[in-house]
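Encoded as structure tokens, the structure appears first; notes follow it.
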Amino acid sequence: MNDGPLIVQSDKTLLLEVDHPKADECRRAIAPFAELERAPEHVHTYRVTPLALWNARAAGHDAEQVVDALLGYSRYPVPHALLVDVAETMARYGRLRLEKHPAHGLMLTTTDRAVLEEVLRSRKIQPMLGERLGEDSVAVHPSERGNIKQALLKLGWPAEDLAGYVDGEHHPIALAEDGWALRAYQREAADAFWHGGSGVVVLPCGAGKTIVGAAAMAHAQATTLILVTNTVSAHQWKAELLRRTSLTENEIGEYSGSRKEIRPVTIATYQVMTTRRKGVYPHLELFDARDWGLIVYDEVHLLPAPIFRMTADLQARRRLGLTATLVREDGREGDVFSLIGPKRYDAPWKEMENQGWIAPADCVEVRVTLTDEERLAYAMAEAEERYRFCATTPSKTRVTEALVRRHLGEQVLVIGQYIDQLDELAEHLGAPVIKGETRVKERERLFQAFRDKELQVLVVSKVANFSIDLPEASVAIQVSGTFGSRQEEAQRLGRILRPKADGGGARFYTVVSRDTVDQEFAAHRQRFLAEQGYAYQIVDADDVLA
Amino acid sequence: MTFTEWLRGRTDDQLRALVLARPELVAPVPAHLDGLATRAASPSAVGRALDRLDRFALALVEALAVLEEPLAVERLEEAVGAPPGRALARLRELALVYGPDEELRLAPGVRAVLDDPAGLGPPAVDVFRHHPPERLEEMADEIAPGTAGGGKERLAAALAEPGKLIEEVSPEARAALGQLTWGPPTGRVPNARREVTVATARSPIEELLARGLLAATGEESVTLPREVGLYLREGRVHRDVSPVPPALEGAARDQDLADRTAAGQAFELVRAVEELCERWSAEPPGVLRTGGLGVRDLKRTAGLLDLPEWTTALVVEVTHAAGLLAADGDWVPTSAYDLWRVRDTADRWVTLAGAWLRMDRVPGLIGERDDRDRLLNALHPDLRRTAAPGIRLAALRVLPPGLAPAAESVQARLAWEQPRRRAVLRDQLVEFTLREAEQVGVTGMGVLATHGRALVEGGDAAGALSPLLPQPVDHILLQADLTAVAPGPLTSELNRWLALSADVESKGGATVYRFTESSVRRALDAGHSADELLSTLARHSATPVPQPLSYLIGDVARRHGRIRVGTAGAYVRCDDPALLDQITADRRSAPLRLRRLAPTVIASRSSRAVLVDSLRAMGYAPVAESIDGDVVISRPDARRTEAPARPPAVPPTGLDPEVAVAAVRAMRAGDARRGPAEAPPGQVPRGPATATIAALQEAIRQGVRVWIGYLDSQGNATSRILEPARMEGGYLTAYDETRAAVHRFALHRITGVAELT
């Protein structure tokens, strides 16, 4: 019997015992072809999915390496059926290739004629194809480059896109490494992306994804379109690019609800791109406004469906996706794979934390007990009002006050979902509140004051979920959330994970009403973090108040 | 020396070897050695003996069948192109060939069973049987002028030495003969029956037809007479028969790795069977009217087991063959399953793999259509193929260590070893066997695993497999995300306990469990207390119990049982009046028609079950209460059938050596006692069945009439006078003089035969 750290399960999950002496070595061997699904304290779970195998194939790994890794580290015999399945799945990638054709622009070629014949019979594929060029190749309408990749992936024959990219309009961009340096993993991530052409870089919140974006731009030396989730985040990208690169104020444009600047580097929000008037997307022209050489998608796991459709038409341009997680609540991971590209780089949270790139965090769940009257009211509430009712119970306000008092002198963020609740909290805490209706100028003033430690406590709504850079926030108190959203939880934790100047840890509180749907939703959200290795500690509200 | 005399001269050891190798000869034991000789000559017994021969031994038999007897061993060697050696000894042992080396003879009955031996046509006397006598006379006059006798006999005599005739014909005609020389001995030509003479012959074929070198055997077919074929083969009977089996070809692989891979698959099979039985315990699929398992049920099961459909069908068939599954209106696990389940993994695998090896059913056919275009379902009765276990065993037996032979290579090997088996079925079965062996875990990466070899050769398969399998562990790893990981198969007690208090999330070498509110409640419902749960966890966990887990258990336990529900009129009681206020205030409780009886008790008109369900749906955690106020322990029930499983198919085993000794002794004794046994005159003749068959064969050969005793369909003894025509498939076809019509007679109803004088 082999004494390996890995147990291969029949459902294609891999269990890695982290305390095993060979665990690190094994992790490196399996990471290319298995997605880390859960990383709690003792046993990490990886999953071997077709997408993960194709990601590995795209990165140049072959089935033999995968099989060797499984056999070499597995503690128990590996079922043969699983090995065969791995080899067969991997062999599916690259049987079909999209290549340039001098006359037709684009063609689909194959190394396996039977596969080509199979996909040619598909009714979904047929309209995208032109004439048959030979026994092993067929012309593809260049406009269908994205759609055909999506459709082929659905058929289980992902095509390797070797048709290359347009260089785009040249624009000099250089990293300005004055007083800071690109971290090793950031450089690796940018290089891996550039080498692969297009794809997704997975890094935890706080690991400096913006800088990876900047490094990619320095590689491209071309005009760049950056798509971000909201205006605040757009401003931060701009600030970061000004600080980290040779770009100047005039070279960076903002394309949002209020401003419509198109410059060599343009930052646009998802919201403005997906605005629809009379059934058309009026801002679609932005994609054609310049000859972009690179398109960056921030928070790619949130990419809205219309952007996918637009992206399908942009396949000739290099695309970089940045995200903390490939998990999408809507299950469209396959579209990310086929339209943005395969995963090019990732690093697990805990490992980054151990290297000191992100701050360690303690997570605490504070349980509030409803009073008898509240319980009665809760039971009588309509189904759709129940969560709101228990999430905004007045008991939470008292607990939050106590927690803020406990962390006097530290930078505290109070995050919530419901504006009434936030207003009430702000009043009790004597702190300003940032919500959807707060003007952008005012928001930035408050954020800056918080960064400068003039403000110690800030109450924010979900507008602050994404991409708000508040390096010194060390305590976050979450009073309510978007039901059970896992990625929201990850994002909120991400707010406080940036390394602190004093090297101290961060603390993440979730205040939850006991025995209600609030607790159920909280459990669901926390599961994601527990699986990332952030163990929750549970305390009773009475202990906090005492 | 006759065959019977030779047989009588064999030593007891040799006779024992004979009956061990041909057990059907002593079932039942013949009264004496004459009986044994008669039975050994019967077509079915000869057929079964020939079926056991490899290609080379069969070639020897064929050579003996076509050459003139007796034959010297040197001539035999020349005929097949290799020294007969051990193959000849084997033929003697099987009593297919007898006599000393200088005078080898085929046992009686063998020649009749061989069709077209060695690809040679029938002898001239048979080939020209259907030609009109005038035509034969004409031909004989032309090629053998001046000889005497009937046309057919003269022709045959001339063809016995066809050298001169062959020299006469044109090179084209000789080339045409060359085509037929090594078989098959028949060819197609238009208008084969044309009458040509040496003088009028215009084409090469006509030259041959005119000289009798080819015989018309149909409107459009010609056959090469055996004598001509033998002459053209220049003394050989077989051109290229190898005395050794063809070597297997394929990829070389590491045996250890193959063992481990096969063990991994073996573990998977056991797990899949267990999962199947557990699933079918709760939701058994129906038995189709035709006896199989519905296509949709198979699909659904494949989904549950997360296996391809054909593998699922294999798992279902193996489970059934191992007696763990039986039809009882539905397909339900048998009580044998419960016994099987508690044994250790290696033993469980041996039961399954052994059942697979010996079953006469062919799961590979599932999903295909039969002759009448009906779909073959899993567990369908028509999936049986008698040859399957034999071929499965043979295919695995030839696999050498460390080599993964290609299917074609194994097929070629078996074609050498069992040349008389139907090739199409054999090749298909070999393919199925290799594919299934991989799934069952008998082979790994195409190489016969050490435990697989032990299984095939009757060794200690469980002992070989056991060290490769995950060893049972008695600890788990608890994690903050409320999962527990068992890093190997758990000891059965811990396994049962965990299965009760947590949900299984992932299975394989390890098992991942997840604790949820409902799983903890299930454990509490089954009578465990929160403290008990926590202490058991602490005892078995290699890591500290994470705080969220103790909170979960505490939370559920705190709420668990606070609400109690009874049958008597159905009531709800609770120590906390506020909670009951909450329930009565809850709008969703309206359909339950609740009435507050006391601050701590609510009564309902609904049944207890409805009440419990509804309250749970509202988010409470009630427990059912008995009349005495005890908590009723609830447990999901699993169905079992007591219907006996179909006993596993009996493999074609050899004879017990002790039986062989006894049989030989009995026959010797019978021989010594034996006097002349004649049917008393004027009575219905009676005799042993084998003598009947021999007498009928003789009558067919000689074309004479016989008198038989026959039991009609009402069981009345009658006697008939018959002219037997042919005998096959247990029936005699004969012209019945008594009734003046051709009839078929069941051989087993013929009580005796006597020659008419």
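For the structure tokens, the naming scheme is as follows: chains receive sequential letters (A, B, ...) according to their order of presentation, residues are indexed from 1 within each chain, and ligands are indexed from 1 in presentation order.
Proximity to stretch 604-618 of chain B at 6 Å, evaluated using only C-alpha atoms and with sequence-adjacent residues fewer than 5 positions away removed, yields Thr567, Ala570, Tyr571, Leu592, Arg593 and Leu594 of chain B.
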Next, the residues of the selection above should be written as an mmCIF file, in the first residue's frame with N, CA and C atoms.
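Result written to result39.cif:
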```cif
data_model
loop_
_atom_site.group_PDB
_atom_site.id
_atom_site.type_symbol
_atom_site.label_atom_id
_atom_site.label_comp_id
_atom_site.auth_asym_id
_atom_site.auth_seq_id
_atom_site.Cartn_x
_atom_site.Cartn_y
_atom_site.Cartn_z
ATOM 1 N N THR B 567 -50.848 10.794 19.209
ATOM 2 C CA THR B 567 -51.876 10.256 18.323
ATOM 3 C C THR B 567 -53.275 10.473 18.887
ATOM 4 N N ALA B 570 -54.606 13.546 18.305
ATOM 5 C CA ALA B 570 -53.513 14.367 17.787
ATOM 6 C C ALA B 570 -53.387 15.681 18.544
ATOM 7 N N TYR B 571 -52.346 15.773 19.301
ATOM 8 C CA TYR B 571 -52.169 16.993 20.080
ATOM 9 C C TYR B 571 -50.756 17.508 19.906
ATOM 10 N N LEU B 592 -54.527 22.900 9.684
ATOM 11 C CA LEU B 592 -54.410 21.840 10.697
ATOM 12 C C LEU B 592 -55.545 21.938 11.716
ATOM 13 N N ARG B 593 -56.263 23.028 11.680
ATOM 14 C CA ARG B 593 -57.386 23.275 12.609
ATOM 15 C C ARG B 593 -56.965 23.020 14.050
ATOM 16 N N LEU B 594 -56.065 23.850 14.504
ATOM 17 C CA LEU B 594 -55.509 23.688 15.834
ATOM 18 C C LEU B 594 -56.409 24.367 16.865
#
```
Next item on the list: Taking only C-alpha atoms into account, report as a PyMOL selection string which residues of chain B lie within 9 Å of chain A.
Entry: chain B and resi 257+259-268+306+438-439+441+444-445+467-470+477-482+485+487-488+506-511+543+546-548+551+555+578-579+581-583+585-588+618-619
Note to self: Between atom CA of B:Ala160 and atom CA of B:Arg226, what distance in Å does the model show, to one decimal?
What the structure shows: 9.0 Å
Next item on the list: Kindly give the distance, in Å, that separates atom CA of B:Tyr513 and atom CA of B:His475, rounded to a single decimal.
Entry: 12.9 Å
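Using only C-alpha atoms, the contacts of A:Val67 at a cut-off of 8 Å, with sequence neighbours closer than 3 positions omitted, comprise Ala63, Glu64, Leu70, Leu71, Leu83, Val86 and Ala87 of chain A.
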Next item on the list: Pick out the residues sitting within 8 Å of stretch 276-293 of chain A, and hand them over as a ChimeraX atom specification; count only C-alpha atoms, and ignore anything fewer than 4 positions along from it in its own chain.
Entry: /A:166-170,220,222-225,262,272,310,317-318
